[in-house]
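J.: Below you will find the structure I want to go over with you.
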Amino acid sequence: MFCGLCRKHGVRTRGNATSFLSGTDNFRPELLRAHHLSEAHAKASVMEAASSAPTTRPAAELMVTTMSQVTLGRVENLFRSCHAIAKAGSPLGDFIWMCQLDDMKGVDTGPVFRTNKSARTFTYFIAEVERRNLREKLERSKFFSVISDGVADSSAEEAELVYVQFAHAGKVHCQMVGVQTVAKKDPLAIKNAIEKTLERNLQLRLSNKDWLKKLVGFGSDGAAGSEGDSNGVAPLLREIQPCVLTVYCLGHHLELSYKAVFRSVPLYTDVTGLLHSVHHFYHSCPPRKRALLTAFRGLRLRPVMPSPVGDRRWLEGLQVALQNFLKGYPAIVQQLQSTDKGRSDTSHQKAKELLEFLLRADMVKFVHFLVDVTNVLSILSRVSKNRNSSIADIYATVRSTIEMLSMYQTRPGPKERRVDSVTHFHSHCLEGKGNISDVRNTILTHLIKKLRGCFRDASRDVVNATMIGSFKLWPAKINREFGEKEVSILTSHYKPILEAANVRIDELDPEWSMLKFEIYARFLNIYKLTWDVVNSVYLHKYPNILTLVDLVLTLPASSAEAERGFSQMQRTKFQTRDKIKADDMTDLLIIQLNSPNINNFDPRKAIRLWTMRTPSSTGDTSPNSDGSSNSESHCESD
């Protein structure tokens, strides 16, 4: 006796159990029932449902109409559970108890495929659907950029997070590709890691001329090894594609620049030390905290407690700490003065030391100067982290920031002007001369120099020309000459890539002028206009210039998206509390960052892919050779 379904699909039962593939002479009813409920027979049933469907109908509909509704419902529930676990960043080990919880709630998940290995297998195929979708989008797109960010986890293992950015019909997409470990932090190793990630997950080989003709930009964190010196990653990419425009993450560059400038300034060290000490003085002692609140009420001020100088969000943390310090200054000084009148112990001695710093004229003036500087830099940081900011938006904000800091070189900022020549602050006499002109000029000079190096490895003319892609930078009223020079610069720089995309170069200038005229004539407020709306109206009339705009939108503004992926990876590692392989982490991050939310997730594509690519043996369900990533380590059945 044998099982015709299992024999047809070559599904072999694992272990020493009775084989219904080769045949058996054991006719006991309990063996028949056990085989009917086995994982092997369930898999054969799913494969039969998938293989028997006519190929002329949509795959999702085939699964619904041909697979047993009971079997399909059970498998769908299992895939949904895996998707929800991965989407939330929870450990895949939760899959087993989630199945048990479904049993208690009356949700039918069936008796099989309820193991950790099955969870990893299902997770792989859910991620594989998203990988295939991404590859299809890239194939339809005429251009793409690569974004990478180097990361090091708690185990000090170096890795590269790789994203791709592309624009189609005016809509920008930035999606996760994968994580790849790096043996050592040098440019060639990083470049190889990026290429390996693209090839393993998308079958995208940068050495392939068809893909190379689409590569227009490279975004990086700007850390050691990826910078654009003679041995950086950027020059290695330009060797294979000279048109690549490299942009480094402004947020990362801003943090490094700020810390490099202030590291050698003793007055800055004194201020940050004071902020930390004041915060710790009150937050470590509830009685002192209550006394400070009483001082606020006595002065009829809204209580604003001292805050710490942040480490992760360093600029925001510093800005808030400085602002709270100035708002709470009168109450803090009054409370410390009242504390100092008591007996001399450790607490009172600390209060006396803090008072000495608080009443120094140079400290008060330098805090106001720092508030002016951080207020300007925070605007730049906010723009660089905004997903909707283009490379032109960031470049324009960098120039505005440099202008503001240059202005502060000649005259104090708005906050500093309030205390520029005062001898008292909030009725408290300040000690010392308070002359900070030398230190402030040194700081501003070095900051300006660092900011001018933000686009050190990119053509300034090309970066400036990308302004045509941001409606926020267009003039309020039509200017016939606006954009003509910029279109010419972009056309000259990207001519080989545009020609490969079948753009008619000679028609770009007239199309730009005509499109610009129609936009101003049709839309009253262009600052709220988006390129996908423009494409929906004018793509059939002006396809060449709108293709150039897609190229501009494809250029990465920074590597902030990759840094968000790193934060997500850290949260996932913390929640799983275990070391995860790069391939497994890639699957989890792709589901978290690229897949639909649990309400919109449709598991049937992943189920069909699982059934069509599962080998006959239940002991080996690793994808076959045409798979887009290596998943042998986790695509095992139980």
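Labeling convention for the structure tokens: chains A, B, ... as they appear, residues from 1 per chain, ligands from 1 in order of appearance.
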Excluding range 450-453 of chain A and residues on its chain fewer than 2 positions from it, collect all residues at most 10 Å away from it, counting only C-alpha atoms, and give them as a list of chain:residue names.

T.: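 Contacts, in chain order: A:Leu250, A:His253, A:Leu254, A:Leu256, A:Ser257, A:Tyr258, A:Ala260, A:Val261, A:Val398, A:Arg399, A:Thr401, A:Ile402, A:Leu444, A:Thr445, A:His446, A:Leu447, A:Ile448, A:Phe455, A:Arg456, A:Asp457, A:Ala458.
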
J.: Within 10 Å of range 552-554 of chain A, counting only C-alpha atoms, which residues qualify if same-chain residues fewer than 5 places away don't, as a PyMOL selection string?

T.: chain A and resi 141-146+164-168+170-174+215-217+389-392+462-463+465-470+490+531+546-547

J.: Pull the strand (DSSP E or B) assignments for range 95-296 of chain A out of DSSP run on the backbone, and list those residues as a PyMOL selection string.

T.: chain A and resi 144-152+158-168+171-181+215-220+245-248

J.: What lies within 12 Å of Val534 in chain A using only C-alpha atoms, ignoring chain neighbours under 4 positions off, as an mmCIF file with N, CA and C atoms, in the first residue's frame?

T.:
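Output saved as part23.cif:
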data_model
loop_
_atom_site.group_PDB
_atom_site.id
_atom_site.type_symbol
_atom_site.label_atom_id
_atom_site.label_comp_id
_atom_site.auth_asym_id
_atom_site.auth_seq_id
_atom_site.Cartn_x
_atom_site.Cartn_y
_atom_site.Cartn_z
ATOM 1 N N ALA A 169 8.107 57.547 -12.537
ATOM 2 C CA ALA A 169 6.971 58.450 -12.777
ATOM 3 C C ALA A 169 6.824 59.461 -11.641
ATOM 4 N N GLY A 170 7.945 59.962 -11.159
ATOM 5 C CA GLY A 170 7.928 61.025 -10.168
ATOM 6 C C GLY A 170 7.789 60.578 -8.730
ATOM 7 N N LYS A 171 7.688 59.285 -8.500
ATOM 8 C CA LYS A 171 7.543 58.772 -7.140
ATOM 9 C C LYS A 171 8.835 58.098 -6.712
ATOM 10 N N GLY A 469 14.629 69.624 -9.409
ATOM 11 C CA GLY A 469 13.803 68.522 -8.938
ATOM 12 C C GLY A 469 13.045 68.813 -7.656
ATOM 13 N N PHE A 471 10.359 71.452 -6.032
ATOM 14 C CA PHE A 471 9.462 72.591 -6.244
ATOM 15 C C PHE A 471 9.630 73.645 -5.162
ATOM 16 N N LEU A 515 7.198 72.536 -20.380
ATOM 17 C CA LEU A 515 6.651 71.963 -19.148
ATOM 18 C C LEU A 515 6.595 73.025 -18.058
ATOM 19 N N LYS A 516 7.643 73.807 -17.934
ATOM 20 C CA LYS A 516 7.690 74.863 -16.918
ATOM 21 C C LYS A 516 6.552 75.868 -17.128
ATOM 22 N N GLU A 518 3.645 75.354 -18.638
ATOM 23 C CA GLU A 518 2.346 74.739 -18.345
ATOM 24 C C GLU A 518 2.132 74.544 -16.848
ATOM 25 N N ILE A 519 3.193 74.243 -16.118
ATOM 26 C CA ILE A 519 3.062 74.067 -14.672
ATOM 27 C C ILE A 519 2.632 75.364 -14.000
ATOM 28 N N TYR A 520 3.296 76.456 -14.354
ATOM 29 C CA TYR A 520 2.936 77.752 -13.762
ATOM 30 C C TYR A 520 1.540 78.197 -14.187
ATOM 31 N N ARG A 522 -1.021 76.189 -14.907
ATOM 32 C CA ARG A 522 -2.084 75.295 -14.432
ATOM 33 C C ARG A 522 -2.202 75.244 -12.914
ATOM 34 N N PHE A 523 -1.079 75.263 -12.212
ATOM 35 C CA PHE A 523 -1.093 75.075 -10.755
ATOM 36 C C PHE A 523 -0.838 76.406 -10.053
ATOM 37 N N ILE A 526 2.719 76.056 -6.619
ATOM 38 C CA ILE A 526 3.647 75.002 -7.039
ATOM 39 C C ILE A 526 4.416 74.418 -5.856
ATOM 40 N N LYS A 528 3.265 73.176 -3.251
ATOM 41 C CA LYS A 528 2.580 71.968 -2.775
ATOM 42 C C LYS A 528 2.498 70.896 -3.852
ATOM 43 N N LEU A 529 3.100 71.175 -4.989
ATOM 44 C CA LEU A 529 3.041 70.253 -6.117
ATOM 45 C C LEU A 529 4.044 69.113 -5.941
ATOM 46 N N THR A 530 3.701 67.942 -6.441
ATOM 47 C CA THR A 530 4.606 66.785 -6.401
ATOM 48 C C THR A 530 4.812 66.268 -7.822
ATOM 49 N N TYR A 538 1.434 65.105 -17.467
ATOM 50 C CA TYR A 538 2.269 65.518 -18.605
ATOM 51 C C TYR A 538 3.229 64.454 -19.132
ATOM 52 N N LEU A 539 3.228 63.247 -18.582
ATOM 53 C CA LEU A 539 4.209 62.257 -19.019
ATOM 54 C C LEU A 539 4.095 61.943 -20.502
ATOM 55 N N HIS A 540 2.885 61.907 -21.021
ATOM 56 C CA HIS A 540 2.707 61.585 -22.437
ATOM 57 C C HIS A 540 3.182 62.713 -23.341
ATOM 58 N N LYS A 541 3.259 63.949 -22.811
ATOM 59 C CA LYS A 541 3.670 65.089 -23.624
ATOM 60 C C LYS A 541 5.165 65.372 -23.523
ATOM 61 N N TYR A 542 5.708 65.223 -22.316
ATOM 62 C CA TYR A 542 7.102 65.588 -22.078
ATOM 63 C C TYR A 542 7.852 64.430 -21.418
ATOM 64 N N PRO A 543 7.963 63.297 -22.087
ATOM 65 C CA PRO A 543 8.582 62.120 -21.453
ATOM 66 C C PRO A 543 10.077 62.273 -21.204
ATOM 67 N N ILE A 545 12.061 65.102 -20.499
ATOM 68 C CA ILE A 545 12.452 65.929 -19.367
ATOM 69 C C ILE A 545 11.988 65.301 -18.058
ATOM 70 N N LEU A 546 10.846 64.614 -18.071
ATOM 71 C CA LEU A 546 10.376 63.957 -16.850
ATOM 72 C C LEU A 546 11.238 62.740 -16.511
ATOM 73 N N THR A 547 11.852 62.142 -17.512
ATOM 74 C CA THR A 547 12.825 61.073 -17.234
ATOM 75 C C THR A 547 14.064 61.649 -16.569
ATOM 76 N N VAL A 549 14.056 64.259 -14.665
ATOM 77 C CA VAL A 549 13.628 64.552 -13.291
ATOM 78 C C VAL A 549 13.662 63.286 -12.446
ATOM 79 N N ASP A 550 13.246 62.144 -13.023
ATOM 80 C CA ASP A 550 13.337 60.876 -12.304
ATOM 81 C C ASP A 550 14.782 60.578 -11.921
#

J.: What's the 8 Å shell around Arg80 in chain A, counting only C-alpha atoms, without same-chain residues fewer than 2 positions away, as JSON, numbers by chain?

T.: {"A": [76, 77, 78, 82, 83, 84, 598, 601, 603]}

J.: What's the separation between CA of Ile478 in chain A and CA of Phe517 in chain A, in Å to one decimal place?

T.: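 Separation between CA of Ile478 in chain A and CA of Phe517 in chain A: 7.3 Å.
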
J.: List every residue of range 323-440 of chain A that DSSP, applied to the backbone of this structure, assigns to alpha helix (DSSP H), and report them as a ChimeraX atom specification.

T.: /A:323-340,346-358,361-385,391-410,414-417,437-440

J.: Determine the nearest neighbour of Leu473 in chain A from the options A:Val487, A:Ala396, A:Cys3, A:Val364, counting only C-alpha atoms.

T.: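 Looking only at the distances to Leu473 in chain A, the closest residue turns out to be A:Ala396.
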
J.: Leaving out range 590-594 of chain A and any residue of its chain fewer than 6 positions from it, which residues lie within 7 Å of it when counting only C-alpha atoms, given as a PyMOL selection string?

T.: chain A and resi 86-87+127+130+175-176

J.: Go through A:Lys185, A:His424, A:Arg504, A:His252 one by one, measure the shortest atom-to-atom distance of each to Ser384 in chain A using only C-alpha atoms, and give the residue with the smallest value.

T.: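 Nearest candidate to Ser384 in chain A out of A:Lys185, A:His424, A:Arg504, A:His252: A:His252.
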
J.: Show which residues sit within 9 Å of range 374-377 of chain A, as a compact mmCIF listing (two decimals) with N, CA and C atoms, in the first residue's frame. Count only C-alpha atoms, and ignore same-chain residues fewer than 6 positions away.

T.:
# COMPACT_ATOMS: atom_id res chain seq x y z
N LEU A 254 27.82 65.96 10.10
CA LEU A 254 27.59 67.08 11.01
C LEU A 254 28.02 66.73 12.43
N LEU A 315 22.57 66.19 18.96
CA LEU A 315 22.27 67.59 18.71
C LEU A 315 20.96 68.00 19.39
N GLU A 316 19.92 67.16 19.22
CA GLU A 316 18.66 67.46 19.86
C GLU A 316 18.80 67.48 21.38
N LEU A 318 21.54 68.11 23.16
CA LEU A 318 22.29 69.30 23.57
C LEU A 318 21.43 70.55 23.49
N GLN A 319 20.66 70.66 22.41
CA GLN A 319 19.80 71.83 22.23
C GLN A 319 18.78 71.95 23.36
N THR A 401 22.98 77.55 6.07
CA THR A 401 23.63 77.38 7.36
C THR A 401 25.00 78.06 7.39
N MET A 404 24.51 81.77 7.71
CA MET A 404 24.16 82.18 9.07
C MET A 404 25.38 82.17 9.99
N LEU A 405 26.18 81.12 9.91
CA LEU A 405 27.37 81.05 10.76
C LEU A 405 28.38 82.12 10.38

J.: Can you pull out the residues contacting Gly178 in chain A? Cut-off 7 Å, using only C-alpha atoms, and skip same-chain residues under 4 positions away; I want them as a PyMOL selection string.

T.: chain A and resi 161-162+197+586

J.: One number please: CA of Ala331 in chain A to CA of Val304 in chain A, in Å, one decimal.

T.: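 These two atoms are separated by 9.4 Å.
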
J.: Check the smallest atom-to-atom distance from each of A:Pro556, A:Val265, A:Ser536, A:Leu301 to Asn388 in chain A using only C-alpha atoms, then report the winner.

T.: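 Among the listed residues, A:Pro556 lies closest to Asn388 in chain A.
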